[in-house]
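Below is one structure, written out as structure tokens; the observations come after it.
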Amino acid sequence: MWTLLHTQLHRTLRSRQLLPESQGLLVAVSGGQDSLCLIQLLLDLQPKWKWQIAIVHCDHRWRSDSQANADYIEQLAQGLRVPFYRETADIIPPTEAAARQWRYQVFSQIAQRNNYAYIVTGHTKSDRAETLLYNLIRGSGSDGLQALTWRRSLKLECPDLNSLSANYITLIRPLLEITREQTGQFCQEKGLEIWVDSTNDDLHYARNRIRQELLPYLQTHFNPKVESHLAQTAELLRAEVDYLDSLTETLFQQVVVLETDSQKILKINRLALRQTHEALQRRVSRKVLQQVMSTTPNFEQIEKLNALISAPNRSQTDPFPGGAIALVDGDWIVFTLNFN
Ligand SMILES: Nc1ncnc2c1ncn2[C@@H]1O[C@H](COP(=O)(O)OP(=O)(O)OP(=O)(O)O)[C@@H](O)[C@H]1O
């Protein structure tokens, strides 16, 4: 029988067009309350949406019980009669970021090889609020503060060269309007046995301190609805970032030229860029740097390039990581690229 949560998710899926009917879904299940709630909700909604559902679990070998955790998900999948994919890390990932990167690579490969159009994760509204706070403290701009979007494109390692659309696979996070409190209550009501991740209590991790100390403090001393408010802010920012991204893409096509005769030269029409808003100037600069640099551009690097939009002729930057230098040549900012 459907509960309020089923109806809420069904409506979200319909209004946001997240997971179309009859598609193959690879659902990432860690064993925590959020992903257990997710898989149960999707299976309950399945007769209406006619998806082909499978489960994937990644064993990072981080905890002494990680194999038992993976076994538990395998049994769960068998009980649910759902295809199951399990991957164990050859080398234990040294950091959370490395673990995440490996996990997403595994998800994409399995989805691609087995024709699942979507990867689905159990990120919730609570995760969104925490991610916003985490990124705010680290000094993120609006892109980081939009924190966990409904859709994310994952780049495939081995793209299918016969298909233009096969270079990316879509990750969907359908629970972003549902709180951790709700997923916990759902699991309890449905008798779903949660695998407790002991590292969630480790206060060495900033994420856990935000979840267990900072947010409860803000709730008690500032606003009991802080989690929802932060998630709302993230959602407003998501729409604004989407809009700015589309403007940036159009502007980028108009002002950036790539010449590949004897040398590879990237030119930015700074005269045209000067007529636009500084928010767009920065975004175009960042997009250019993403193409010419070997690492992700930071605030200072973007500002350095941006300053050339109104700098005197022949001004130049010092080398960016990877070696590229930007030089002002009349109405243009010119990068000579000495790598492929
Ligand atoms: N080991 C795992 N195997 C399969 N799915 C997982 C695993 N760990 C996490 N997930 C998926 O990712 C979701 C978010 O999990 P969690 O919050 O622990 O990850 P995170 O690292 O904080 O998120 P992100 O990967 O987006 O940064 C889970 O609900 C689940 O769908």
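Chains: A, B, ... in order of the structure tokens. Residues: from 1 per chain. Ligands: from 1, in order shown.
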
Kindly provide, as a compact mmCIF listing (two decimals) with C-alpha atoms, in the first residue's frame, all nucleotide and amino acid residues lying within 6 Å of ligand 1, counting only C-alpha atoms and all ligand atoms.
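The resulting file, part.txt, is reproduced below:
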```
# COMPACT_ATOMS: atom_id res chain seq x y z
CA ALA A 28 22.94 2.53 -5.70
CA VAL A 29 22.31 0.89 -2.34
CA SER A 30 24.78 1.31 0.53
CA ASP A 34 18.26 6.54 2.69
CA SER A 35 19.13 4.05 -0.03
CA VAL A 56 24.58 -1.88 -7.33
CA HIS A 57 26.77 -1.93 -4.23
CA CYS A 58 30.41 -0.89 -3.91
CA ASP A 59 32.63 -2.36 -1.24
CA ARG A 100 33.60 8.57 -4.27
CA THR A 121 21.11 7.49 -5.49
CA GLY A 122 19.45 8.08 -2.12
CA HIS A 123 20.67 11.62 -1.38
```

Close residues, A:Asn135 itself excluded, 8 Å, only C-alpha atoms, min 6 positions apart in chain, as a PyMOL selection string:
chain A and resi 144-145+147

Once you have the residues from the selection above, write them out as a tab-separated table (two decimals), in the first residue's frame, restricted to C-alpha atoms.
```tsv
chain	number	residue	atom	x	y	z
A	144	GLY	CA	28.85	24.76	-5.00
A	145	LEU	CA	26.00	26.16	-2.95
A	147	ALA	CA	24.57	21.56	-3.52
```

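One finds atom CA of A:Gln185 at 25.1 Å from atom CA of A:His221.
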
Compile the contact shell of stretch 293-307 of chain A as a VMD selection string: residues with an atom at most 8 Å away, counting only C-alpha atoms, same-chain residues fewer than 5 positions apart removed.
chain A and resid 281 to 282 285 to 286 317 320 to 324 326

Once DSSP has gone over the backbone, tell me which residues of stretch 232-284 of chain A are in alpha helix (DSSP H), as an MDAnalysis selection string.
chainID A and resid 232:255 270:274 278:284

For A:Leu9, which residue among A:Asp242, A:Glu189, A:Glu227, A:Asp44 is the nearest when counting only C-alpha atoms?
A:Asp44

Where does DSSP see strand (DSSP E or B) in stretch 56-291 of chain A, if you list the residues as number ranges by chain?
A: 56-59, 84-88, 118-120, 151-155, 168-172, 256-260, 264-269

Could the residues in this selection be saved with C-alpha atoms as a compact mmCIF listing (two decimals), in the first residue's frame?
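Result file part18.txt:
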```txt
# COMPACT_ATOMS: atom_id res chain seq x y z
CA VAL A 56 24.58 -1.88 -7.33
CA HIS A 57 26.77 -1.93 -4.23
CA CYS A 58 30.41 -0.89 -3.91
CA ASP A 59 32.63 -2.36 -1.24
CA PHE A 84 22.52 -7.30 -8.32
CA TYR A 85 25.95 -5.92 -9.18
CA ARG A 86 28.74 -5.85 -6.65
CA GLU A 87 32.21 -4.43 -6.98
CA THR A 88 35.06 -4.62 -4.47
CA TYR A 118 19.90 5.98 -15.17
CA ILE A 119 21.88 5.63 -11.97
CA VAL A 120 19.78 6.51 -8.93
CA ARG A 151 20.41 15.38 -12.19
CA ARG A 152 24.10 15.04 -12.78
CA SER A 153 25.92 13.87 -15.90
CA LEU A 154 28.63 11.29 -15.29
CA LYS A 155 31.29 11.07 -17.96
CA TYR A 168 27.48 10.65 -20.49
CA ILE A 169 25.17 8.74 -18.23
CA THR A 170 22.65 10.47 -16.02
CA LEU A 171 22.64 10.21 -12.26
CA ILE A 172 19.31 11.05 -10.63
CA VAL A 256 35.89 32.27 -27.69
CA VAL A 257 37.69 31.12 -30.83
CA LEU A 258 39.97 28.10 -31.14
CA GLU A 259 42.52 28.19 -33.98
CA THR A 260 44.41 25.01 -34.75
CA LYS A 264 46.81 25.66 -31.01
CA ILE A 265 45.61 29.17 -30.10
CA LEU A 266 42.59 30.03 -27.98
CA LYS A 267 41.36 33.62 -28.29
CA ILE A 268 38.80 35.48 -26.20
CA ASN A 269 37.14 38.57 -27.64
```

Rounded to one decimal place, report the atom CA of A:Gln33-atom CA of A:Asp197 distance in Å.
10.1 Å

Leaving out stretch 174-182 of chain A and any residue of its chain fewer than 3 positions from it, which residues lie within 6 Å of it when counting only C-alpha atoms, given as a PDB file with N, CA and C atoms, in the first residue's frame?
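Saved to around-v2.pdb:
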```
ATOM      1  N   THR A 124      19.311  12.856   0.191  1.00  0.00           N
ATOM      2  CA  THR A 124      18.064  13.450   0.689  1.00  0.00           C
ATOM      3  C   THR A 124      18.186  14.971   0.850  1.00  0.00           C
ATOM      4  N   LYS A 125      17.074  15.549   1.246  1.00  0.00           N
ATOM      5  CA  LYS A 125      17.032  16.976   1.565  1.00  0.00           C
ATOM      6  C   LYS A 125      18.055  17.305   2.665  1.00  0.00           C
ATOM      7  N   SER A 126      18.213  16.384   3.619  1.00  0.00           N
ATOM      8  CA  SER A 126      19.158  16.604   4.723  1.00  0.00           C
ATOM      9  C   SER A 126      20.588  16.650   4.181  1.00  0.00           C
ATOM     10  N   GLN A 185      11.940   6.943   9.383  1.00  0.00           N
ATOM     11  CA  GLN A 185      10.602   6.537   9.818  1.00  0.00           C
ATOM     12  C   GLN A 185      10.020   5.489   8.859  1.00  0.00           C
TER      13      GLN A 185
END
```
